>>> print(open('model.cif').read())   # mmCIF, C-alpha atoms
data_upload
loop_
_atom_site.label_atom_id
_atom_site.label_comp_id
_atom_site.auth_asym_id
_atom_site.auth_seq_id
_atom_site.Cartn_x
_atom_site.Cartn_y
_atom_site.Cartn_z
CA ALA A 1 94.64 113.46 85.17
CA GLN A 2 96.12 111.87 88.21
CA SER A 3 96.00 108.16 88.86
CA VAL A 4 97.64 105.53 91.02
CA THR A 5 98.41 101.92 90.25
CA GLN A 6 99.05 99.39 92.96
CA LEU A 7 101.11 96.70 91.35
CA ASP A 8 100.06 93.80 93.56
CA SER A 9 96.53 92.91 94.56
CA HIS A 10 97.75 90.44 97.22
CA VAL A 11 101.03 90.23 99.13
CA SER A 12 101.82 87.44 101.58
CA VAL A 13 104.73 87.59 104.03
CA SER A 14 105.81 85.73 107.12
CA GLU A 15 105.75 87.44 110.47
CA GLY A 16 109.06 89.17 111.13
CA THR A 17 110.01 89.53 107.45
CA PRO A 18 110.05 92.79 105.46
CA VAL A 19 106.98 94.22 103.77
CA LEU A 20 106.98 95.91 100.36
CA LEU A 21 103.77 97.25 98.84
CA ARG A 22 104.28 98.86 95.46
CA CYS A 23 102.58 101.95 94.09
CA ASN A 24 103.15 103.97 90.92
CA TYR A 25 101.47 107.28 90.30
CA SER A 26 100.70 109.47 87.35
CA SER A 27 100.52 113.21 87.79
CA SER A 28 101.29 116.30 85.75
CA TYR A 29 102.17 118.23 88.86
CA SER A 30 104.09 117.59 92.04
CA PRO A 31 101.63 115.31 93.72
CA SER A 32 100.53 114.81 97.29
CA LEU A 33 100.57 111.09 98.06
CA PHE A 34 99.16 109.05 100.92
CA TRP A 35 98.97 105.52 102.19
CA TYR A 36 95.85 104.49 104.08
CA VAL A 37 95.17 101.17 105.81
CA GLN A 38 91.77 99.52 106.19
CA HIS A 39 91.23 96.68 108.60
CA PRO A 40 88.26 94.37 107.96
CA ASN A 41 84.91 96.15 108.30
CA LYS A 42 86.62 99.25 109.64
CA GLY A 43 87.23 102.76 108.34
CA LEU A 44 90.46 104.02 106.83
CA GLN A 45 93.42 105.13 108.86
CA LEU A 46 96.17 107.36 107.52
CA LEU A 47 99.58 105.69 107.64
CA LEU A 48 101.63 108.50 106.13
CA LYS A 49 101.61 111.31 103.59
CA TYR A 50 104.03 113.01 101.24
CA THR A 51 103.61 116.70 100.45
CA SER A 52 106.89 117.72 98.71
CA ALA A 53 109.03 117.89 101.82
CA ALA A 54 111.43 115.03 102.61
CA THR A 55 111.26 112.23 100.04
CA LEU A 56 111.47 109.55 102.74
CA VAL A 57 108.31 109.71 104.80
CA LYS A 58 107.92 107.94 108.11
CA GLY A 59 104.49 106.92 109.26
CA ILE A 60 102.80 105.11 112.09
CA ASN A 61 103.43 101.52 113.19
CA GLY A 62 106.91 101.42 111.67
CA PHE A 63 105.84 102.00 108.08
CA GLU A 64 107.67 104.33 105.73
CA ALA A 65 107.49 105.26 102.06
CA GLU A 66 109.94 106.81 99.63
CA PHE A 67 108.88 109.26 96.94
CA LYS A 68 110.91 108.68 93.76
CA LYS A 69 110.05 111.19 91.08
CA SER A 70 112.27 109.58 88.44
CA GLU A 71 110.40 106.30 88.86
CA THR A 72 107.00 107.85 89.65
CA SER A 73 106.82 105.49 92.61
CA PHE A 74 105.75 105.70 96.23
CA HIS A 75 106.33 102.22 97.65
CA LEU A 76 105.39 101.38 101.23
CA THR A 77 107.82 99.39 103.36
CA LYS A 78 108.19 98.00 106.85
CA PRO A 79 111.28 96.16 108.10
CA SER A 80 109.43 93.50 110.06
CA ALA A 81 105.82 92.44 109.61
CA HIS A 82 103.52 91.89 112.56
CA MET A 83 100.36 89.82 112.55
CA SER A 84 98.34 92.97 113.24
CA ASP A 85 99.55 94.45 109.92
CA ALA A 86 97.24 92.14 108.00
CA ALA A 87 94.82 94.50 106.26
CA GLU A 88 94.00 96.27 102.99
CA TYR A 89 96.37 99.07 101.99
CA PHE A 90 95.51 101.90 99.64
CA CYS A 91 97.88 104.20 97.80
CA VAL A 92 96.19 107.55 97.23
CA VAL A 93 96.93 110.73 95.28
CA SER A 94 95.30 114.08 95.92
CA GLU A 95 93.86 115.75 92.86
CA THR A 96 95.36 119.08 91.91
CA GLY A 97 93.35 122.22 92.43
CA ASN A 98 91.33 123.12 95.45
CA THR A 99 88.91 120.25 95.57
CA GLY A 100 91.04 118.04 97.75
CA LYS A 101 89.53 115.04 96.01
CA LEU A 102 91.40 111.82 96.72
CA ILE A 103 92.03 109.24 94.01
CA PHE A 104 92.49 105.71 95.32
CA GLY A 105 94.39 102.76 93.98
CA GLN A 106 92.70 99.39 93.81
CA GLY A 107 94.22 98.27 97.07
CA THR A 108 96.70 95.59 98.17
CA THR A 109 95.68 92.91 100.62
CA LEU A 110 98.53 92.09 102.98
CA GLN A 111 98.50 88.63 104.51
CA VAL A 112 100.88 87.91 107.38
CA LYS A 113 101.60 84.28 108.11
CA PRO A 114 102.77 83.10 111.52
CA ASN B 1 88.20 114.90 120.15
CA ALA B 2 85.72 112.54 118.57
CA GLY B 3 86.53 111.34 115.09
CA VAL B 4 84.27 111.35 112.07
CA MET B 5 80.99 109.69 112.96
CA GLN B 6 78.72 107.88 110.58
CA ASN B 7 75.36 106.26 111.17
CA PRO B 8 73.96 103.84 110.74
CA ARG B 9 76.91 101.48 110.48
CA HIS B 10 74.79 98.92 108.64
CA LEU B 11 71.65 99.57 106.64
CA VAL B 12 69.41 97.08 104.88
CA ARG B 13 66.89 98.27 102.34
CA ARG B 14 64.62 96.59 99.82
CA ARG B 15 64.68 97.65 96.20
CA GLY B 16 62.75 100.88 95.69
CA GLN B 17 63.17 102.17 99.23
CA GLU B 18 65.16 105.23 100.25
CA ALA B 19 68.47 105.16 102.10
CA ARG B 20 69.73 108.05 104.24
CA LEU B 21 73.32 108.01 105.41
CA ARG B 22 74.56 110.49 107.99
CA CYS B 23 78.00 111.90 108.63
CA SER B 24 79.17 114.17 111.42
CA PRO B 25 82.63 115.60 110.69
CA MET B 26 85.36 116.01 113.23
CA LYS B 27 85.04 119.04 115.45
CA GLY B 28 86.38 122.10 113.68
CA HIS B 29 86.17 120.54 110.22
CA SER B 30 84.02 122.29 107.65
CA HIS B 31 84.79 120.16 104.59
CA VAL B 32 83.05 116.84 104.00
CA TYR B 33 83.67 114.24 101.32
CA TRP B 34 81.70 111.12 100.44
CA TYR B 35 83.29 108.06 98.86
CA ARG B 36 81.82 104.74 97.77
CA GLN B 37 83.57 101.40 97.95
CA LEU B 38 82.12 98.63 95.83
CA PRO B 39 83.10 95.04 96.68
CA GLU B 40 86.71 94.23 95.83
CA GLU B 41 87.39 97.79 94.69
CA GLY B 42 89.05 100.93 95.98
CA LEU B 43 87.16 103.97 97.10
CA LYS B 44 85.66 106.27 94.49
CA PHE B 45 84.98 109.94 95.13
CA MET B 46 81.33 110.97 95.01
CA VAL B 47 80.89 114.50 96.31
CA TYR B 48 82.60 117.30 98.21
CA LEU B 49 80.61 119.69 100.35
CA GLN B 50 81.10 122.66 102.59
CA LYS B 51 78.42 124.03 104.86
CA GLU B 52 75.34 124.72 102.71
CA ASN B 53 77.31 124.32 99.49
CA ILE B 54 78.07 121.51 97.07
CA ILE B 55 81.55 122.19 95.77
CA ASP B 56 82.16 119.19 93.53
CA GLU B 57 79.63 116.48 92.69
CA SER B 58 81.43 115.08 89.69
CA GLY B 59 81.42 111.56 91.16
CA MET B 60 77.73 111.39 91.95
CA PRO B 61 75.46 109.25 89.79
CA LYS B 62 73.19 111.50 87.75
CA GLU B 63 69.96 110.13 89.18
CA ARG B 64 68.64 109.06 92.57
CA PHE B 65 71.64 110.31 94.56
CA SER B 66 71.83 113.61 96.43
CA ALA B 67 73.89 115.08 99.23
CA GLU B 68 73.64 118.01 101.58
CA PHE B 69 75.58 119.57 104.42
CA PRO B 70 73.24 121.98 106.19
CA LYS B 71 74.27 124.84 108.41
CA GLU B 72 73.28 122.81 111.43
CA GLY B 73 73.48 119.05 111.74
CA PRO B 74 75.23 116.26 109.90
CA SER B 75 75.89 115.80 106.23
CA ILE B 76 73.34 113.52 104.56
CA LEU B 77 73.82 111.25 101.55
CA ARG B 78 70.43 110.26 100.21
CA ILE B 79 69.75 107.46 97.76
CA GLN B 80 66.24 107.23 96.39
CA GLN B 81 64.67 104.08 94.94
CA VAL B 82 67.68 101.93 95.77
CA VAL B 83 68.74 99.11 93.47
CA ARG B 84 70.94 96.10 94.19
CA GLY B 85 73.90 97.81 92.51
CA ASP B 86 73.84 100.45 95.25
CA SER B 87 75.01 97.85 97.76
CA ALA B 88 78.39 99.11 98.91
CA ALA B 89 80.27 100.72 101.77
CA TYR B 90 79.87 104.48 101.89
CA PHE B 91 82.59 106.42 103.63
CA CYS B 92 82.57 109.99 104.78
CA ALA B 93 85.74 111.99 105.35
CA SER B 94 86.32 115.45 106.73
CA SER B 95 89.12 118.00 106.72
CA GLN B 96 89.76 121.49 107.97
CA LEU B 97 90.78 122.85 104.59
CA ALA B 98 90.73 121.59 101.02
CA ARG B 99 93.99 122.85 99.63
CA GLN B 100 95.63 120.12 97.64
CA GLY B 101 97.69 117.99 99.96
CA ALA B 102 97.67 120.54 102.72
CA GLU B 103 95.11 118.84 104.87
CA THR B 104 94.57 115.25 105.79
CA GLN B 105 91.15 113.73 105.26
CA TYR B 106 89.97 111.75 108.25
CA PHE B 107 87.60 108.92 107.51
CA GLY B 108 84.63 107.62 109.38
CA PRO B 109 83.91 103.91 109.93
CA GLY B 110 81.56 103.77 106.96
CA THR B 111 77.97 102.72 106.38
CA ARG B 112 77.51 99.35 104.76
CA LEU B 113 74.38 99.39 102.64
CA LEU B 114 72.79 96.14 101.56
CA VAL B 115 69.92 96.24 99.10
CA LEU B 116 67.78 93.12 99.01
#
>>> encode(input="model.cif", output="structure tokens")
Amino acid sequence: AQSVTQLDSHVSVSEGTPVLLRCNYSSSYSPSLFWYVQHPNKGLQLLLKYTSAATLVKGINGFEAEFKKSETSFHLTKPSAHMSDAAEYFCVVSETGNTGKLIFGQGTTLQVKP
Amino acid sequence: NAGVMQNPRHLVRRRGQEARLRCSPMKGHSHVYWYRQLPEEGLKFMVYLQKENIIDESGMPKERFSAEFPKEGPSILRIQQVVRGDSAAYFCASSQLARQGAETQYFGPGTRLLVL
């Protein structure tokens, strides 16, 4: 069965410094992986997705993630944090088969300090 | 193109009452998913529906919960005889297709249910 583990429940960075949010996955097959962002009391917005094309995936707002099969990781990075990046981030894997069911990690809260 | 719409955005119910949550998928999307987010947790899959069909309800509690996606109108998640533990944010997502990884699920703003 697929699963994702987000290694940090909270990450705090200063504005202008790099962001690293870590995610490991478990899957018997070549997975489809996503990062979603949730701002307070809002819905979820897709940042980026990996579907077995290029291993380095670029998303919106300057975020990118690298799929590393040998490490079963899909970490999210951004070179320079902005105050508006403060939010909850979810690493997500799509279940195999035709259900399209998404399996979410526990989430990482990103705090950006001025 | 309007996104996924959910209403109400906030719903307060007393224990024992019924809660009805509505979801209108994006235009052209025929696949609907419901997820529940308990406080301080990630989202958990509840049910996947296509028009007039329940495809996968493996995440639905065995009692009191039901979902439908009729031929006309929005998808409905219904919770009967609500209890305090049902308090959560309920999110609906839609996609054009359900092939693994082939289609993005677009999420609505959620309905935040509070049971008093």
>>> residues_near_point(input="model.cif", point="(96.3, 84.9, 108.9)", cutoff="8 Å", atoms="only C-alpha atoms", output="PyMOL selection string")
chain A and resi 83+86+111-114
>>> resolve_selection(input="model.cif", expression="the PyMOL selection byres ((chain B) within 12 of (chain A))", output="ChimeraX atom specification")
/B:3-6,9-10,31-50,54-59,88-112
>>> write_last_selection(input="model.cif", atoms="C-alpha atoms", output="compact mmCIF listing (two decimals), in the coordinates of the input")
# COMPACT_ATOMS: atom_id res chain seq x y z
CA GLY B 3 86.53 111.34 115.09
CA VAL B 4 84.27 111.35 112.07
CA MET B 5 80.99 109.69 112.96
CA GLN B 6 78.72 107.88 110.58
CA ARG B 9 76.91 101.48 110.48
CA HIS B 10 74.79 98.92 108.64
CA HIS B 31 84.79 120.16 104.59
CA VAL B 32 83.05 116.84 104.00
CA TYR B 33 83.67 114.24 101.32
CA TRP B 34 81.70 111.12 100.44
CA TYR B 35 83.29 108.06 98.86
CA ARG B 36 81.82 104.74 97.77
CA GLN B 37 83.57 101.40 97.95
CA LEU B 38 82.12 98.63 95.83
CA PRO B 39 83.10 95.04 96.68
CA GLU B 40 86.71 94.23 95.83
CA GLU B 41 87.39 97.79 94.69
CA GLY B 42 89.05 100.93 95.98
CA LEU B 43 87.16 103.97 97.10
CA LYS B 44 85.66 106.27 94.49
CA PHE B 45 84.98 109.94 95.13
CA MET B 46 81.33 110.97 95.01
CA VAL B 47 80.89 114.50 96.31
CA TYR B 48 82.60 117.30 98.21
CA LEU B 49 80.61 119.69 100.35
CA GLN B 50 81.10 122.66 102.59
CA ILE B 54 78.07 121.51 97.07
CA ILE B 55 81.55 122.19 95.77
CA ASP B 56 82.16 119.19 93.53
CA GLU B 57 79.63 116.48 92.69
CA SER B 58 81.43 115.08 89.69
CA GLY B 59 81.42 111.56 91.16
CA ALA B 88 78.39 99.11 98.91
CA ALA B 89 80.27 100.72 101.77
CA TYR B 90 79.87 104.48 101.89
CA PHE B 91 82.59 106.42 103.63
CA CYS B 92 82.57 109.99 104.78
CA ALA B 93 85.74 111.99 105.35
CA SER B 94 86.32 115.45 106.73
CA SER B 95 89.12 118.00 106.72
CA GLN B 96 89.76 121.49 107.97
CA LEU B 97 90.78 122.85 104.59
CA ALA B 98 90.73 121.59 101.02
CA ARG B 99 93.99 122.85 99.63
CA GLN B 100 95.63 120.12 97.64
CA GLY B 101 97.69 117.99 99.96
CA ALA B 102 97.67 120.54 102.72
CA GLU B 103 95.11 118.84 104.87
CA THR B 104 94.57 115.25 105.79
CA GLN B 105 91.15 113.73 105.26
CA TYR B 106 89.97 111.75 108.25
CA PHE B 107 87.60 108.92 107.51
CA GLY B 108 84.63 107.62 109.38
CA PRO B 109 83.91 103.91 109.93
CA GLY B 110 81.56 103.77 106.96
CA THR B 111 77.97 102.72 106.38
CA ARG B 112 77.51 99.35 104.76
>>> atom_distance(input="model.cif", atom1="CA of Gly73 in chain B", atom2="CA of Glu18 in chain B")
19.8 Å
>>> residues_around(input="model.cif", residues="Cys23 in chain A", least_positions_apart="3", cutoff="6 Å", atoms="only C-alpha atoms", output="ChimeraX atom specification")
/A:5-6,73-75
>>> axis_aligned_box(input="model.cif", around="range 51-55 of chain B", padding_each_side="3 Å", output="JSON")
{"center_x": 78.4, "center_y": 123.1, "center_z": 100.3, "size_x": 12.2, "size_y": 9.2, "size_z": 15.1}
>>> atom_distance(input="model.cif", atom1="CA of Leu76 in chain A", atom2="CA of Phe63 in chain A")
6.9 Å
>>> resolve_selection(input="model.cif", expression="the PyMOL selection byres ((chain B and resi 64) around 7)", output="PDB file with C-alpha atoms, keeping the file's coordinate frame")
ATOM      1  CA  GLU B  63      69.960 110.130  89.180  1.00  0.00           C
ATOM      2  CA  PHE B  65      71.640 110.310  94.560  1.00  0.00           C
ATOM      3  CA  SER B  66      71.830 113.610  96.430  1.00  0.00           C
ATOM      4  CA  ILE B  79      69.750 107.460  97.760  1.00  0.00           C
ATOM      5  CA  GLN B  80      66.240 107.230  96.390  1.00  0.00           C
ATOM      6  CA  GLN B  81      64.670 104.080  94.940  1.00  0.00           C
TER       7      GLN B  81
END
>>> residues_around(input="model.cif", residues="Ala1 in chain A", least_positions_apart="4", cutoff="8 Å", atoms="all atoms listed in the file", output="JSON, numbers by chain")
{"A": [26, 27, 28]}
>>> write_last_selection(input="model.cif", atoms="C-alpha atoms", output="PDB file, in the coordinates of the input")
ATOM      1  CA  SER A  26     100.700 109.470  87.350  1.00  0.00           C
ATOM      2  CA  SER A  27     100.520 113.210  87.790  1.00  0.00           C
ATOM      3  CA  SER A  28     101.290 116.300  85.750  1.00  0.00           C
TER       4      SER A  28
END
>>> resolve_selection(input="model.cif", expression="the PyMOL selection byres ((chain A and resi 17) around 9)", output="PyMOL selection string")
chain A and resi 13-16+18-19+78-82
>>> atom_distance(input="model.cif", atom1="CA of Leu21 in chain B", atom2="CA of Ser75 in chain B")
8.2 Å
>>> closest_residue(input="model.cif", among="B:Met26, B:Val115, B:Met60, B:Ala2", to="Leu77 in chain B", atoms="only C-alpha atoms")
B:Met60
